[in-house]
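Notes to accompany the following structure.
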Amino acid sequence: MPTGDDTLVTVDAHVMEPTDLWSSRLPKSLHGIADLAPVYRRLPGSNKAFEINGKAIGITPEYRRYSSETEFVDIGPDDIDGHLRDMDSDGVTAEVVHPNAGLFIYDLENPDLAYACAEIYNDHMVELYESDRIRTNAIIPVLDADRSVSEIDRIAKLGIHGIELPQTAPAETPYYTSFWDPIWEAAQRNGVVVAMHIGTGPFGGKGGGGSPSRPFKPRAVPEEEPTRERMLVSRRLTRGGFGGLGGECLETMPDLIGAGVCERYPDLHFVFVEVGGKWLAGFMDHLDDAFYVGPGVRLVKRVFFNDDGSEVPQFVPGELELEWDYPLAPSDYIKRQMHVSFMDDFAALRNRGVTGVGPLLWGNDYPHYEGSWPNSREAIEHQCARADLTDEERAAIFGGTTAKLWGITLN
């Protein structure tokens with residue numbers, strides 16, 4: 001296991017759940033709706049389909065590892081020995097793991113099924129994965145605050161250091177509402193980290209093209225335009241998600257900060273997983289500018305009109321008179337309590353003078369193909385060569401901060 005200066009800790013890795021994990025363990029009272037539980041099914045041609053609520057929501061390539069220099073084998077479910085060998089081959093000392101199919105539990109509409117599936121996954125992870133090298137996050141459904149609090153208390157007693165919450169909150173309970181206060185209190189009381197993975201939330205797992213309430217719809221490009229395909233791809237990749245410009249957390253971060261969650265729960269840390277970091281410096285500055293207006297800058301009330309002549313005011317009455325009621329600036333709360341994970345992001349490293357080092361966490365996204373696994377060390381050297389990191393900065397970003405958050409002891 002790598003130690004010392006070679007230490008790498010990834011905050012973004014995934015496990016392969018058995019296809020029958022939920023259906024085989026659900027209580028008899030839920031057998032009638034077991035087919036609604038999350039699952040992935042292997043398809044011909046090394047693909048697999050993810051299903052939730054009895055419907056396929058996506059197809060991805062099968063995850064594979066090298067078996068020799070020229071051959072690959074599928075990464076099977078709960079292959080702990082193979083998982084550890086893959087960590088060693090990538091030079092990873094320890095990791096924080098997230099679900100694969102389990103990330104879609106937030107799309108379940110039946111509360112009993114959602115909480116039963118979450119408990120099954122959480123127990124399974126404690127039984128097989130939780131260790132000094134692998135830290136797991138408990139899935140916490142968000143349909144009933146009292147049941148969520150009970151599950152947080154239960155998993156903390158089992159030794160789990162982090163919880164998964166959706167990056168997009170349900171439409172009826174946004175993250176700025178008081179619904180979440182018991183959940184924040186329970187998380188802080190138990191000392192668990194709040195991880196929010198990209199693409200999670202009610203029907204938000206269909207890719208990083210926007211939030212469920214504001215899905216990404218590319219503007220029409222004439223089919224005869226020679227660069228059409230290139231432009232559409234570039235828009236999808238830069239608009240958000242999977243290392244783009246922040247994804248759903250562009251709404252979630254302001255909700256949490258503006259609602260005073262960070263002020264009321266100063267020991268609670270939020271980790272936005274697989275969102276990249278190149279956008280963070282400008283975003284922090286923009287949040288501060290919303291309430292800290294400098295010389296020569298003033299907000300003006302404007303009114304626009306719909307086609308039918310109805311007015312669309314830029315600001316509603318009272319908005320321009322709002323003041324920032326918290327002792328720290330929005331960017332200071334991000335520096336103190338919020339973190340974003342990236343895979344290969346030189347711009348995020350370059351901007352650390354603005355964002356601070358603490359918010360930046362590295363992840364290899366094992367075993368997903370969009371990540372740096374199994375070539376993480378080469379990817380890290382490539383981006384660090386241009387970033388002029390100090391030894392202390394490099395140690396924090398590529399493992400030290402993650403280890404501290406999840407209670408991982410490094411040699």
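Just remember, in the structure tokens the first chain shown is A, the second B, etc., residues are 1-based per chain, and ligands are 1-based in the order shown.
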Shell of 6 Å around segment 169-182 of chain A, only C-alpha atoms, local chain residues under 2 positions omitted, as a count of residues only: 6
With only C-alpha atoms as the counted atoms, please give the residues lying no more than 10 Å from segment 368-378 of chain A, apart from itself and same-chain residues fewer than 6 positions off, as a list in words. Asp6, Leu8, Thr10, Asp12, Ala13, His14, Thr60, Pro61, Glu62, Tyr63, Arg64, Arg65, Tyr66, Asp86, Met87, Asp88, Ser89, Asp90, Gly91, Val92, Asn100, Phe242, Gly243, Glu274, Phe342, Met343, Asp344 and Cys384 of chain A
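For Val39 of chain A, the set of protein, DNA and RNA residues having any atom at most 6 Å away, when counting only C-alpha atoms and skipping those fewer than 3 positions along the same chain, is Thr19, Phe50, Glu51 and Ala101 of chain A.
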Write down as an mmCIF file with N, CA and C atoms, in the first residue's frame the residues of segment 45-98 of chain A whose backbone DSSP state falls under alpha helix (DSSP H).
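Output contents, as saved in out.cif:
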data_model
loop_
_atom_site.group_PDB
_atom_site.id
_atom_site.type_symbol
_atom_site.label_atom_id
_atom_site.label_comp_id
_atom_site.auth_asym_id
_atom_site.auth_seq_id
_atom_site.Cartn_x
_atom_site.Cartn_y
_atom_site.Cartn_z
ATOM 1 N N ILE A 80 -14.262 -7.860 -3.559
ATOM 2 C CA ILE A 80 -13.447 -7.066 -2.641
ATOM 3 C C ILE A 80 -11.966 -7.208 -2.958
ATOM 4 N N ASP A 81 -11.507 -8.440 -3.173
ATOM 5 C CA ASP A 81 -10.086 -8.642 -3.462
ATOM 6 C C ASP A 81 -9.680 -7.919 -4.742
ATOM 7 N N GLY A 82 -10.498 -8.045 -5.783
ATOM 8 C CA GLY A 82 -10.200 -7.348 -7.022
ATOM 9 C C GLY A 82 -10.247 -5.836 -6.845
ATOM 10 N N HIS A 83 -11.182 -5.374 -6.035
ATOM 11 C CA HIS A 83 -11.299 -3.943 -5.755
ATOM 12 C C HIS A 83 -10.017 -3.420 -5.115
ATOM 13 N N LEU A 84 -9.499 -4.132 -4.136
ATOM 14 C CA LEU A 84 -8.269 -3.713 -3.464
ATOM 15 C C LEU A 84 -7.068 -3.775 -4.405
ATOM 16 N N ARG A 85 -7.016 -4.791 -5.263
ATOM 17 C CA ARG A 85 -5.925 -4.867 -6.239
ATOM 18 C C ARG A 85 -5.997 -3.699 -7.215
ATOM 19 N N ASP A 86 -7.213 -3.304 -7.601
ATOM 20 C CA ASP A 86 -7.360 -2.158 -8.489
ATOM 21 C C ASP A 86 -6.898 -0.874 -7.803
ATOM 22 N N MET A 87 -7.170 -0.735 -6.517
ATOM 23 C CA MET A 87 -6.669 0.413 -5.773
ATOM 24 C C MET A 87 -5.142 0.439 -5.797
ATOM 25 N N ASP A 88 -4.536 -0.712 -5.556
ATOM 26 C CA ASP A 88 -3.072 -0.782 -5.549
ATOM 27 C C ASP A 88 -2.495 -0.449 -6.918
ATOM 28 N N SER A 89 -3.122 -0.965 -7.973
ATOM 29 C CA SER A 89 -2.589 -0.725 -9.310
ATOM 30 C C SER A 89 -2.713 0.740 -9.707
#
